[in-house]
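File shown: coords-v7.txt (compact mmCIF, C-alpha atoms).
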```txt
# COMPACT_ATOMS: atom_id res chain seq x y z
CA MET A 450 -128.37 -52.36 9.34
CA THR A 451 -128.04 -48.60 8.89
CA THR A 452 -129.39 -46.83 5.81
CA ALA A 453 -125.89 -46.32 4.44
CA LYS A 454 -125.00 -49.97 4.90
CA HIS A 455 -128.31 -51.02 3.33
CA MET A 456 -127.60 -48.88 0.25
CA LEU A 457 -124.05 -50.19 -0.06
CA SER A 458 -125.37 -53.74 0.26
CA ARG A 459 -127.93 -53.23 -2.52
CA MET A 460 -125.15 -51.86 -4.74
CA GLY A 461 -122.85 -54.78 -3.91
CA LEU A 462 -120.37 -52.43 -2.30
CA LEU A 463 -120.73 -53.34 1.38
CA GLU A 464 -117.96 -55.94 1.51
CA PRO A 465 -115.53 -53.84 -0.59
CA ALA A 466 -116.24 -50.91 1.75
CA ARG A 467 -115.50 -53.08 4.79
CA ARG A 468 -112.25 -54.29 3.25
CA THR A 469 -111.23 -50.71 2.43
CA ARG A 470 -111.98 -49.60 5.99
CA ALA A 471 -109.98 -52.49 7.42
CA ALA A 472 -107.04 -51.69 5.13
CA LEU A 473 -107.09 -48.01 6.13
CA SER A 474 -107.27 -48.96 9.80
CA HIS A 475 -104.29 -51.28 9.42
CA ALA A 476 -102.34 -48.62 7.57
CA ALA A 477 -103.07 -46.13 10.35
CA ARG A 478 -101.88 -48.62 12.96
CA LEU A 479 -98.66 -49.27 11.05
CA ALA A 480 -98.03 -45.52 10.93
CA LEU A 481 -98.89 -44.81 14.58
CA HIS A 482 -97.06 -47.77 16.10
CA PRO A 483 -93.44 -46.52 15.71
CA VAL A 484 -94.49 -43.04 16.85
CA ARG A 485 -95.84 -44.36 20.12
CA GLU A 486 -92.87 -46.69 20.57
CA ALA A 487 -90.60 -43.64 20.44
CA LEU A 488 -92.76 -41.40 22.63
CA VAL A 489 -93.24 -43.85 25.49
CA ARG A 490 -89.47 -44.18 25.85
CA LEU A 491 -88.95 -40.48 26.41
CA PRO A 492 -88.27 -39.40 30.01
CA ASP A 493 -91.07 -37.63 31.82
CA PRO A 494 -89.88 -34.00 32.05
CA ARG A 495 -91.64 -33.60 35.40
CA PHE A 496 -89.73 -36.55 36.81
CA VAL A 497 -86.42 -35.27 35.46
CA ALA A 498 -87.11 -31.74 36.72
CA SER A 499 -87.92 -32.99 40.22
CA GLY A 500 -84.55 -34.68 40.42
CA SER A 501 -84.50 -38.48 40.41
CA ARG A 502 -83.48 -40.11 43.66
CA ARG A 503 -79.83 -41.14 43.77
CA LEU A 504 -79.45 -44.89 44.11
CA HIS A 505 -76.99 -46.34 46.58
CA ALA A 506 -75.20 -49.69 46.25
CA PRO A 507 -76.23 -52.27 45.29
CA TYR A 508 -79.27 -50.67 43.61
CA ASP A 509 -77.11 -48.47 41.38
CA GLN A 510 -75.49 -51.65 40.07
CA HIS A 511 -78.89 -53.21 39.49
CA LEU A 512 -79.94 -50.13 37.50
CA ALA A 513 -76.83 -50.48 35.34
CA GLU A 514 -77.70 -54.14 34.68
CA LEU A 515 -81.30 -53.24 33.83
CA GLU A 516 -80.19 -50.62 31.35
CA ARG A 517 -77.64 -52.92 29.72
CA TYR A 518 -79.43 -56.28 29.74
CA GLY A 519 -83.09 -55.52 30.50
CA ILE A 520 -83.03 -57.73 33.60
CA THR A 521 -81.40 -57.90 37.02
CA ARG A 522 -81.49 -60.42 39.86
CA LEU A 523 -81.72 -59.25 43.46
CA SER A 524 -80.61 -62.16 45.61
CA GLY A 525 -81.82 -62.39 49.19
CA GLU A 526 -83.72 -59.12 48.82
CA ILE A 527 -86.60 -60.25 51.05
CA ALA A 528 -85.98 -60.47 54.78
CA PRO A 529 -86.39 -64.02 56.19
CA GLU A 530 -89.36 -63.06 58.38
CA THR A 531 -91.16 -61.38 55.48
CA LEU A 532 -90.38 -64.33 53.21
CA GLY A 533 -91.82 -66.78 55.74
CA THR A 534 -95.02 -64.73 55.95
CA LEU A 535 -95.31 -64.58 52.17
CA GLN A 536 -94.86 -68.34 51.85
CA ARG A 537 -97.44 -69.12 54.56
CA ASP A 538 -100.00 -66.65 53.19
CA PHE A 539 -99.44 -67.93 49.64
CA GLU A 540 -100.26 -71.48 50.79
CA ASN A 541 -103.06 -70.70 53.24
CA ASN A 542 -104.86 -67.84 51.52
CA PHE A 543 -104.38 -68.82 47.89
CA ILE A 544 -103.48 -72.46 47.26
CA ALA A 545 -105.42 -74.17 50.05
CA PRO A 546 -108.82 -72.63 49.18
CA LEU A 547 -108.38 -73.59 45.52
CA LYS A 548 -107.45 -77.14 46.47
CA ALA A 549 -110.56 -77.27 48.65
CA GLY A 550 -112.80 -76.74 45.63
CA GLY A 551 -111.36 -74.11 43.37
CA ARG A 552 -112.85 -73.24 40.04
CA SER A 553 -111.25 -75.05 37.11
CA ALA A 554 -110.25 -73.08 34.06
CA ALA A 555 -111.54 -75.92 31.92
CA THR A 556 -115.12 -75.46 33.18
CA TYR A 557 -115.21 -71.75 34.02
CA GLN A 558 -117.69 -69.93 31.80
CA GLY A 559 -116.00 -66.68 30.86
CA ASP A 560 -112.57 -65.13 30.63
CA ILE A 561 -110.29 -66.91 33.10
CA THR A 562 -107.88 -64.00 33.04
CA VAL A 563 -110.35 -61.77 34.86
CA THR A 564 -111.81 -64.15 37.42
CA ASP A 565 -110.34 -63.83 40.92
CA ASP A 566 -108.67 -67.23 41.32
CA TYR A 567 -108.69 -70.39 39.25
CA VAL A 568 -107.07 -73.75 38.64
CA ASP A 569 -106.01 -74.57 35.09
CA SER A 570 -105.75 -78.35 35.09
CA GLU A 571 -104.58 -78.50 31.47
CA ALA A 572 -101.74 -76.02 31.98
CA ARG A 573 -101.16 -77.41 35.49
CA LEU A 574 -101.11 -74.17 37.36
CA TYR A 575 -102.90 -72.22 40.06
CA ALA A 576 -103.49 -68.53 39.38
CA SER A 577 -104.84 -65.52 41.23
CA ASN A 578 -105.75 -62.15 39.77
CA GLU A 579 -106.11 -60.81 43.32
CA PRO A 580 -102.55 -61.10 44.65
CA PHE A 581 -102.80 -58.03 46.89
CA ALA A 582 -105.54 -59.73 48.90
CA ILE A 583 -103.31 -62.72 49.66
CA SER A 584 -100.68 -61.14 51.90
CA ARG A 585 -99.80 -57.74 53.34
CA ALA A 586 -96.17 -58.87 53.09
CA LEU A 587 -96.48 -58.57 49.31
CA LEU A 588 -97.01 -54.82 49.71
CA GLU A 589 -93.94 -54.62 51.95
CA VAL A 590 -91.89 -55.96 49.05
CA CYS A 591 -93.37 -54.20 46.03
CA LEU A 592 -93.60 -50.83 47.82
CA LYS A 593 -90.07 -50.97 49.21
CA PRO A 594 -88.66 -47.47 48.52
CA GLU A 595 -85.33 -48.74 47.17
CA LEU A 596 -87.05 -51.02 44.66
CA VAL A 597 -89.52 -48.34 43.58
CA ALA A 598 -86.65 -45.87 43.11
CA LEU A 599 -84.81 -48.46 41.01
CA ILE A 600 -87.86 -48.93 38.76
CA ASP A 601 -88.52 -45.19 38.51
CA GLY A 602 -84.87 -44.66 37.59
CA TYR A 603 -85.04 -47.23 34.81
CA LEU A 604 -88.30 -45.95 33.32
CA ARG A 605 -87.22 -42.33 34.00
CA LYS A 606 -90.80 -41.73 35.05
CA ARG A 607 -92.92 -42.11 38.15
CA ALA A 608 -94.03 -45.71 37.86
CA TYR A 609 -97.33 -47.03 39.20
CA ILE A 610 -98.43 -50.57 39.93
CA THR A 611 -101.09 -51.43 37.38
CA GLN A 612 -101.53 -55.20 37.72
CA GLY A 613 -100.33 -58.24 39.62
CA ILE A 614 -100.76 -62.00 39.57
CA ALA A 615 -99.87 -64.94 41.78
CA LEU A 616 -98.93 -68.29 40.26
CA ARG A 617 -98.03 -71.80 41.30
CA ILE A 618 -96.63 -73.48 38.19
CA ASP A 619 -96.61 -77.26 38.61
CA PRO A 620 -94.57 -79.83 36.64
CA HIS A 621 -95.70 -80.39 33.06
CA PRO A 622 -94.33 -82.81 30.45
CA GLN A 623 -94.62 -80.27 27.62
CA THR A 624 -93.51 -76.71 27.05
CA GLY A 625 -93.95 -74.22 24.19
CA PHE A 626 -97.55 -73.12 24.80
CA GLY A 627 -99.13 -69.95 26.20
CA SER A 628 -96.50 -67.90 28.02
CA PHE A 629 -94.20 -70.93 28.03
CA GLN A 630 -92.62 -69.91 24.73
CA TRP A 631 -90.63 -66.90 23.56
CA HIS A 632 -92.70 -63.71 23.68
CA HIS A 633 -92.79 -60.11 24.83
CA ASP A 634 -95.70 -58.69 26.81
CA ALA A 635 -96.88 -56.27 24.07
CA TRP A 636 -96.88 -53.27 26.39
CA GLY A 637 -93.74 -51.49 25.21
CA LYS A 638 -91.24 -50.48 27.87
CA ARG A 639 -92.64 -51.85 31.14
CA ILE A 640 -91.20 -53.38 34.30
CA ASN A 641 -92.18 -56.73 35.75
CA MET A 642 -91.12 -57.62 39.29
CA MET A 643 -90.99 -61.40 39.72
CA ILE A 644 -90.91 -62.40 43.40
CA ILE A 645 -89.90 -66.05 43.80
CA LEU A 646 -90.89 -68.05 46.89
CA THR A 647 -89.38 -71.44 46.04
CA GLU A 648 -86.03 -72.78 44.92
CA VAL A 649 -85.81 -72.80 41.14
CA GLY A 650 -83.16 -74.56 39.07
CA VAL A 651 -82.72 -75.06 35.34
CA GLY A 652 -84.55 -78.38 35.64
CA ASP A 653 -87.60 -76.72 37.21
CA GLN A 654 -90.33 -74.35 35.97
CA HIS A 655 -87.91 -71.49 35.35
CA MET A 656 -88.02 -68.42 33.12
CA THR A 657 -85.44 -67.61 30.45
CA TYR A 658 -84.69 -64.07 29.26
CA ALA A 659 -82.88 -62.92 26.12
CA LYS A 660 -80.42 -60.39 27.52
CA GLY A 661 -80.39 -57.12 25.63
CA SER A 662 -83.64 -57.83 23.77
CA HIS A 663 -85.38 -55.11 25.81
CA ALA A 664 -83.95 -52.66 23.26
CA LEU A 665 -85.80 -54.29 20.35
CA ARG A 666 -88.52 -52.34 18.60
CA HIS A 667 -91.10 -54.97 17.74
CA SER A 668 -93.26 -54.49 14.65
CA TYR A 669 -96.98 -53.84 14.96
CA ASP A 670 -97.69 -57.36 13.73
CA LYS A 671 -95.54 -58.73 16.58
CA TYR A 672 -97.72 -56.78 18.98
CA ALA A 673 -100.90 -58.26 17.56
CA ASN A 674 -99.19 -61.65 17.92
CA SER A 675 -96.35 -61.28 20.41
CA ARG A 676 -95.30 -64.96 20.42
CA TYR A 677 -92.07 -65.98 18.68
CA SER A 678 -91.61 -69.41 17.18
CA ALA A 679 -88.34 -71.25 17.73
CA GLU A 680 -87.45 -70.42 14.12
CA GLU A 681 -88.18 -66.70 14.61
CA PHE A 682 -86.12 -66.59 17.78
CA ALA A 683 -83.27 -68.52 16.16
CA LYS A 684 -82.69 -65.69 13.69
CA TYR A 685 -81.03 -63.77 16.53
CA GLY A 686 -78.46 -66.57 16.76
CA SER A 687 -75.43 -65.87 18.90
CA LYS A 688 -76.19 -62.16 19.05
CA ILE A 689 -78.35 -62.64 22.15
CA GLU A 690 -77.31 -64.39 25.36
CA VAL A 691 -80.06 -66.36 27.09
CA LEU A 692 -80.25 -66.08 30.87
CA ASP A 693 -81.67 -68.95 32.95
CA CYS A 694 -83.56 -67.29 35.80
CA VAL A 695 -82.67 -69.71 38.58
CA ALA A 696 -83.42 -68.57 42.11
CA GLN A 697 -83.41 -69.16 45.81
CA PRO A 698 -86.53 -68.40 47.88
CA GLY A 699 -86.72 -64.66 48.40
CA ASP A 700 -84.94 -63.71 45.18
CA ILE A 701 -86.45 -61.05 42.93
CA TYR A 702 -86.01 -60.58 39.19
CA ILE A 703 -86.81 -57.14 37.82
CA PHE A 704 -87.04 -57.07 34.03
CA ASP A 705 -88.29 -55.06 31.09
CA SER A 706 -91.17 -57.08 29.66
CA ASN A 707 -90.48 -55.64 26.20
CA GLY A 708 -87.55 -58.08 26.16
CA LEU A 709 -88.07 -61.59 24.86
CA HIS A 710 -88.68 -64.06 27.66
CA SER A 711 -90.19 -67.49 28.08
CA GLY A 712 -91.53 -69.71 30.80
CA ASN A 713 -90.22 -73.27 30.64
CA ARG A 714 -91.96 -76.45 31.75
CA SER A 715 -90.47 -79.71 32.92
CA MET A 716 -91.15 -82.48 35.41
CA GLY A 717 -88.95 -80.67 37.94
CA ARG A 718 -90.11 -78.73 40.99
CA SER A 719 -93.02 -76.28 41.08
CA ARG A 720 -92.44 -72.53 41.11
CA ASP A 721 -94.41 -70.22 43.42
CA THR A 722 -94.26 -66.60 42.35
CA PHE A 723 -95.86 -63.17 42.40
CA ILE A 724 -95.46 -60.98 39.30
CA ILE A 725 -96.17 -57.26 39.69
CA HIS A 726 -96.35 -54.82 36.76
CA TYR A 727 -95.16 -51.18 36.94
CA THR A 728 -96.01 -48.62 34.23
CA ARG A 729 -97.21 -45.03 33.65
CA MET A 730 -100.06 -46.19 31.42
CA TRP A 731 -103.05 -45.12 33.45
CA GLN A 732 -105.54 -46.84 31.14
CA ALA A 733 -103.97 -50.21 32.01
CA VAL A 734 -104.83 -50.14 35.73
CA TRP A 735 -106.61 -53.20 37.11
CA ALA A 736 -109.19 -52.84 39.87
CA HIS A 737 -107.46 -55.21 42.28
CA ARG A 738 -108.84 -55.54 45.78
CA ILE A 739 -106.53 -54.40 48.56
CA PRO A 740 -107.87 -54.97 52.10
CA PRO A 741 -107.84 -51.59 53.90
CA GLU A 742 -106.05 -53.09 56.89
CA PHE A 743 -103.13 -54.05 54.60
CA LEU A 744 -102.52 -50.36 53.88
CA THR A 745 -101.89 -49.33 57.47
CA GLY A 746 -98.33 -48.67 58.52
CA PHE A 747 -97.20 -47.24 55.16
CA SER A 748 -96.51 -43.58 54.57
CA GLU A 749 -98.37 -41.74 51.81
CA GLU A 750 -95.16 -41.60 49.78
CA GLU A 751 -94.70 -45.36 50.14
CA LEU A 752 -98.29 -45.87 48.96
CA ARG A 753 -97.82 -43.61 45.91
CA PRO A 754 -97.27 -46.52 43.42
CA LEU A 755 -100.76 -47.79 44.38
CA ALA A 756 -102.49 -44.43 43.84
CA TRP A 757 -104.18 -45.33 40.56
CA MET A 758 -105.16 -48.80 41.71
CA ARG A 759 -106.66 -47.49 44.95
CA ALA A 760 -108.79 -45.06 42.92
CA GLN A 761 -110.57 -47.87 41.06
CA ASP A 762 -114.16 -48.66 42.05
CA ARG A 763 -115.03 -52.35 41.66
CA THR A 764 -118.72 -51.56 42.22
CA ARG A 765 -118.69 -49.57 38.97
CA ARG A 766 -116.26 -51.51 36.78
CA PRO A 767 -114.91 -55.06 36.42
CA LEU A 768 -111.49 -56.30 37.47
CA ALA A 769 -109.90 -55.75 34.06
CA PRO A 770 -109.61 -52.15 32.79
CA PRO A 771 -111.81 -50.89 29.93
CA CYS A 772 -108.77 -50.64 27.67
CA ASN A 773 -106.89 -53.80 28.57
CA SER A 774 -104.59 -53.92 25.57
CA TRP A 775 -101.71 -51.74 24.47
CA VAL A 776 -102.56 -52.97 20.96
CA ASP A 777 -106.19 -51.83 21.16
CA GLY A 778 -105.15 -48.49 22.66
CA LEU A 779 -102.99 -47.64 19.67
CA MET A 780 -105.87 -45.88 17.92
CA ARG A 781 -106.45 -43.63 20.96
CA PRO A 782 -103.47 -41.24 20.93
CA SER A 783 -105.13 -39.03 23.56
CA GLN A 784 -104.76 -41.93 26.02
CA TRP A 785 -101.08 -42.56 25.37
CA SER A 786 -99.09 -42.04 28.53
CA VAL A 787 -95.78 -40.44 27.63
```
Show the structure stored in the file as structure tokens.
Amino acid sequence: MTTAKHMLSRMGLLEPARRTRAALSHAARLALHPVREALVRLPDPRFVASGSRRLHAPYDQHLAELERYGITRLSGEIAPETLGTLQRDFENNFIAPLKAGGRSAATYQGDITVTDDYVDSEARLYASNEPFAISRALLEVCLKPELVALIDGYLRKRAYITQGIALRIDPHPQTGFGSFQWHHDAWGKRINMMIILTEVGVGDQHMTYAKGSHALRHSYDKYANSRYSAEEFAKYGSKIEVLDCVAQPGDIYIFDSNGLHSGNRSMGRSRDTFIIHYTRMWQAVWAHRIPPEFLTGFSEEELRPLAWMRAQDRTRRPLAPPCNSWVDGLMRPSQWSV
């Protein structure tokens, strides 16, 4: 205990001082939150000045859908050969090793969100925080120039890949827990690319998205706790149309994760998926491993969205970034990426 704290304690003022500090901190967060929400939605002048790439059909139509609804579905976007490679690599390089003795989330000592791969037997899913080590074909999809230009055009900024995950979501008799309930990702305006490898119907492990909710400005308290109860969501009533994100293998959903969305569980078929995040928030970059041989064959411009990720040094820092929360970063205005 410092001298100041010792003196406050002797005077019976330590706890009141702590409460006052907490109240001031909360007040500062409430004041800063709407400022950042406005700033991060401003276009990057450098991007605008350089002239954004003109989108050709059908990507111009997808941009219009993104801007209006916060989500767009690209059907059959992945070439059959690339899709087949993704599906085989997903099974052989991700699922099979876990089935052969993968680490269970129930027994793993530590934060399961930052271990490489794990099985969560309670949630009935397989997860990998190293998706870029699973298949080079994943890079072929998420670095595709037309898709990157679509994302840049929506964000009106040069977007960078900051994180990715791979998931097999198995049947489950219950829903309404974890990410399988209405929520936003608590990162402001950000794009998620959901690459789907299996057929998904409304009776399977599908996602739902509240169309138009990407425009909502969530309160600070709903960043600290970004889950929405059924009662909270119901207040929107008929004002918001809910989209069932059904899919065929090779479909891609691109959506603004500021919008309200929910995973849904059932005893229907499993869903195999990669989810890749694109932002300009450099403090949010994960130190994912990308095998050097996977990077061959791409031009430097095609590799640009990976620039920040490739600069990370896993020998000097862990997988997760030092500032791994848009909520925690609120008190660091110098680190805001606008």
Hey, which bits of range 706-747 of chain A sit within 10 Å of range 690-694 of chain A, and for each residue what's the closest pair of atoms and how far apart in Å (one decimal), counting all atoms listed in the file, rows by chain and increasing number, as JSON lines?
```
{"residue": "A:Leu709", "atom": "CA", "partner": "A:Val691", "partner_atom": "CA", "distance": 9.6}
{"residue": "A:His710", "atom": "CA", "partner": "A:Val691", "partner_atom": "CA", "distance": 8.9}
{"residue": "A:Ser711", "atom": "CA", "partner": "A:Asp693", "partner_atom": "CA", "distance": 9.9}
{"residue": "A:Gly712", "atom": "CA", "partner": "A:Cys694", "partner_atom": "CA", "distance": 9.7}
{"residue": "A:Asn713", "atom": "CA", "partner": "A:Asp693", "partner_atom": "CA", "distance": 9.9}
```
Exercise. From the set A:Glu540, A:Glu680, A:Asp619, A:Glu526, which residue has the shortest atom-to-atom contact distance to Leu574 in chain A, counting all atoms listed in the file?
Worked result: A:Asp619
Problem set entry | Within-9 Å shell of (-92.3, -41.3, 39.1) in input frame, all atoms listed in the file, as an MDAnalysis selection string | chainID A and resid 493 495:496 501 597:598 600:602 604:609 729 754
Quick one: residues within 6 Å of range 583-592 of chain A, all atoms listed in the file, excluding same-chain residues fewer than 4 positions away - as a PDB file with C-alpha atoms, in the coordinates of the input?
```pdb
ATOM      1  CA  LEU A 535     -95.310 -64.580  52.170  1.00  0.00           C
ATOM      2  CA  ASP A 538    -100.000 -66.650  53.190  1.00  0.00           C
ATOM      3  CA  ASN A 542    -104.860 -67.840  51.520  1.00  0.00           C
ATOM      4  CA  PHE A 743    -103.130 -54.050  54.600  1.00  0.00           C
TER       5      PHE A 743
END
```
Exercise. So how far away is CA of Pro622 in chain A from CA of Ile520 in chain A, in Å?
Worked result: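 Here the two named atoms are 27.7 Å from each other.
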For this session: Using all atoms listed in the file, collect all residues at a distance of at most 12 Å from (-105.9, -44.8, 46.3) as written in the file, then present them as a list in words.
Result: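 Counting all atoms listed in the file, I find these residues within 12 Å of (-105.9, -44.8, 46.3): Tyr609, Ile610, Val734, Ala736, His737, Arg738, Ile739, Pro740, Pro741, Leu744, Glu749, Glu750, Glu751, Leu752, Arg753, Pro754, Leu755, Ala756, Trp757, Met758, Arg759, Ala760, Gln761 and Asp762 of chain A.
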For this session: Measuring atom to atom with only C-alpha atoms, identify which of A:Asp653, A:Asp509, A:Glu486, A:Asp777 is nearest to Leu596 in chain A.
Result: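 Distance minimum relative to Leu596 in chain A lands on A:Asp509.
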Problem set entry | Length of the CA of Ser577 in chain A to CA of Asn641 in chain A vector [Å] | 16.4 Å
Exercise. Interatomic distance between CA of Pro770 in chain A and CA of Gly637 in chain A?
Worked result: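 Separation between CA of Pro770 in chain A and CA of Gly637 in chain A: 17.6 Å.
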Exercise. Which residues come within 10 Å of Tyr669 in chain A, counting only C-alpha atoms, excluding same-chain residues fewer than 2 positions away, as a PyMOL selection string?
Worked result: chain A and resi 475+478-483+486+635+666-667+671-675+776+779
For this session: Compare A:Asp700, A:Gly627, A:Asp566, A:Ala664 by their minimum atom-to-atom distance to Ser524 in chain A, counting only C-alpha atoms, and give me the closest one.
Result: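 Among A:Asp700, A:Gly627, A:Asp566, A:Ala664, it is A:Asp700 that comes nearest to Ser524 in chain A.
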For this session: Check the smallest atom-to-atom distance from each of A:Arg781, A:Arg552, A:Arg718, A:Arg765 to Glu648 in chain A using only C-alpha atoms, then report the winner.
Result: A:Arg718
Exercise. Which of these residues is nearest to Tyr508 in chain A, using all atoms listed in the file: A:Leu547, A:Ala572, A:Ile703, A:Ala615?
Worked result: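 With all atoms listed in the file as the atom set, the closest residue is A:Ile703.
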Exercise. When distances are computed from all atoms listed in the file, which of A:Asp634, A:Asp705, A:Glu579, A:Asp569 shows the smallest separation from Thr521 in chain A?
Worked result: A:Asp705
For this session: Name all residues at most 12 Å from Ala545 in chain A (count only C-alpha atoms; drop same-chain ones fewer than 4 positions away) and give them as a PyMOL selection string.
Result: chain A and resi 537-541+549-551+566-568+575+583+617
Could those selected residues go to a file with C-alpha atoms, as a JSON list (two decimals), keeping the file's coordinate frame?
```json
[["chain", "number", "residue", "atom", "x", "y", "z"],
["A", 537, "ARG", "CA", -97.44, -69.12, 54.56],
["A", 538, "ASP", "CA", -100.00, -66.65, 53.19],
["A", 539, "PHE", "CA", -99.44, -67.93, 49.64],
["A", 540, "GLU", "CA", -100.26, -71.48, 50.79],
["A", 541, "ASN", "CA", -103.06, -70.70, 53.24],
["A", 549, "ALA", "CA", -110.56, -77.27, 48.65],
["A", 550, "GLY", "CA", -112.80, -76.74, 45.63],
["A", 551, "GLY", "CA", -111.36, -74.11, 43.37],
["A", 566, "ASP", "CA", -108.67, -67.23, 41.32],
["A", 567, "TYR", "CA", -108.69, -70.39, 39.25],
["A", 568, "VAL", "CA", -107.07, -73.75, 38.64],
["A", 575, "TYR", "CA", -102.90, -72.22, 40.06],
["A", 583, "ILE", "CA", -103.31, -62.72, 49.66],
["A", 617, "ARG", "CA", -98.03, -71.80, 41.30]]
```
Serialized range 723-735 of chain A w/ N, CA and C atoms as a PDB file, in the first residue's frame:
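See selection19.pdb below for the written result:
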```pdb
ATOM      1  N   PHE A 723     -15.565 -20.080 -41.483  1.00  0.00           N
ATOM      2  CA  PHE A 723     -14.485 -19.167 -41.112  1.00  0.00           C
ATOM      3  C   PHE A 723     -15.117 -17.782 -40.950  1.00  0.00           C
ATOM      4  N   ILE A 724     -14.669 -17.034 -39.946  1.00  0.00           N
ATOM      5  CA  ILE A 724     -15.128 -15.655 -39.771  1.00  0.00           C
ATOM      6  C   ILE A 724     -13.893 -14.768 -39.662  1.00  0.00           C
ATOM      7  N   ILE A 725     -13.782 -13.827 -40.599  1.00  0.00           N
ATOM      8  CA  ILE A 725     -12.614 -12.954 -40.689  1.00  0.00           C
ATOM      9  C   ILE A 725     -13.050 -11.518 -40.420  1.00  0.00           C
ATOM     10  N   HIS A 726     -12.286 -10.808 -39.581  1.00  0.00           N
ATOM     11  CA  HIS A 726     -12.620  -9.443 -39.183  1.00  0.00           C
ATOM     12  C   HIS A 726     -11.732  -8.437 -39.921  1.00  0.00           C
ATOM     13  N   TYR A 727     -12.365  -7.365 -40.416  1.00  0.00           N
ATOM     14  CA  TYR A 727     -11.651  -6.292 -41.124  1.00  0.00           C
ATOM     15  C   TYR A 727     -11.924  -4.966 -40.414  1.00  0.00           C
ATOM     16  N   THR A 728     -10.849  -4.248 -40.034  1.00  0.00           N
ATOM     17  CA  THR A 728     -11.002  -2.943 -39.391  1.00  0.00           C
ATOM     18  C   THR A 728      -9.813  -2.060 -39.761  1.00  0.00           C
ATOM     19  N   ARG A 729      -9.809  -0.802 -39.217  1.00  0.00           N
ATOM     20  CA  ARG A 729      -8.627   0.053 -39.264  1.00  0.00           C
ATOM     21  C   ARG A 729      -8.090   0.279 -37.855  1.00  0.00           C
ATOM     22  N   MET A 730      -8.487  -0.546 -36.911  1.00  0.00           N
ATOM     23  CA  MET A 730      -8.080  -0.352 -35.523  1.00  0.00           C
ATOM     24  C   MET A 730      -6.793  -1.131 -35.275  1.00  0.00           C
ATOM     25  N   TRP A 731      -5.670  -0.469 -35.440  1.00  0.00           N
ATOM     26  CA  TRP A 731      -4.398  -1.181 -35.413  1.00  0.00           C
ATOM     27  C   TRP A 731      -4.099  -1.834 -34.061  1.00  0.00           C
ATOM     28  N   GLN A 732      -4.700  -1.328 -32.987  1.00  0.00           N
ATOM     29  CA  GLN A 732      -4.428  -1.927 -31.682  1.00  0.00           C
ATOM     30  C   GLN A 732      -5.182  -3.245 -31.489  1.00  0.00           C
ATOM     31  N   ALA A 733      -6.043  -3.598 -32.451  1.00  0.00           N
ATOM     32  CA  ALA A 733      -6.847  -4.815 -32.310  1.00  0.00           C
ATOM     33  C   ALA A 733      -6.260  -5.993 -33.070  1.00  0.00           C
ATOM     34  N   VAL A 734      -5.041  -5.873 -33.587  1.00  0.00           N
ATOM     35  CA  VAL A 734      -4.485  -6.902 -34.467  1.00  0.00           C
ATOM     36  C   VAL A 734      -3.991  -8.109 -33.665  1.00  0.00           C
ATOM     37  N   TRP A 735      -4.456  -9.277 -34.061  1.00  0.00           N
ATOM     38  CA  TRP A 735      -4.017 -10.524 -33.448  1.00  0.00           C
ATOM     39  C   TRP A 735      -2.748 -11.028 -34.137  1.00  0.00           C
TER      40      TRP A 735
END
```
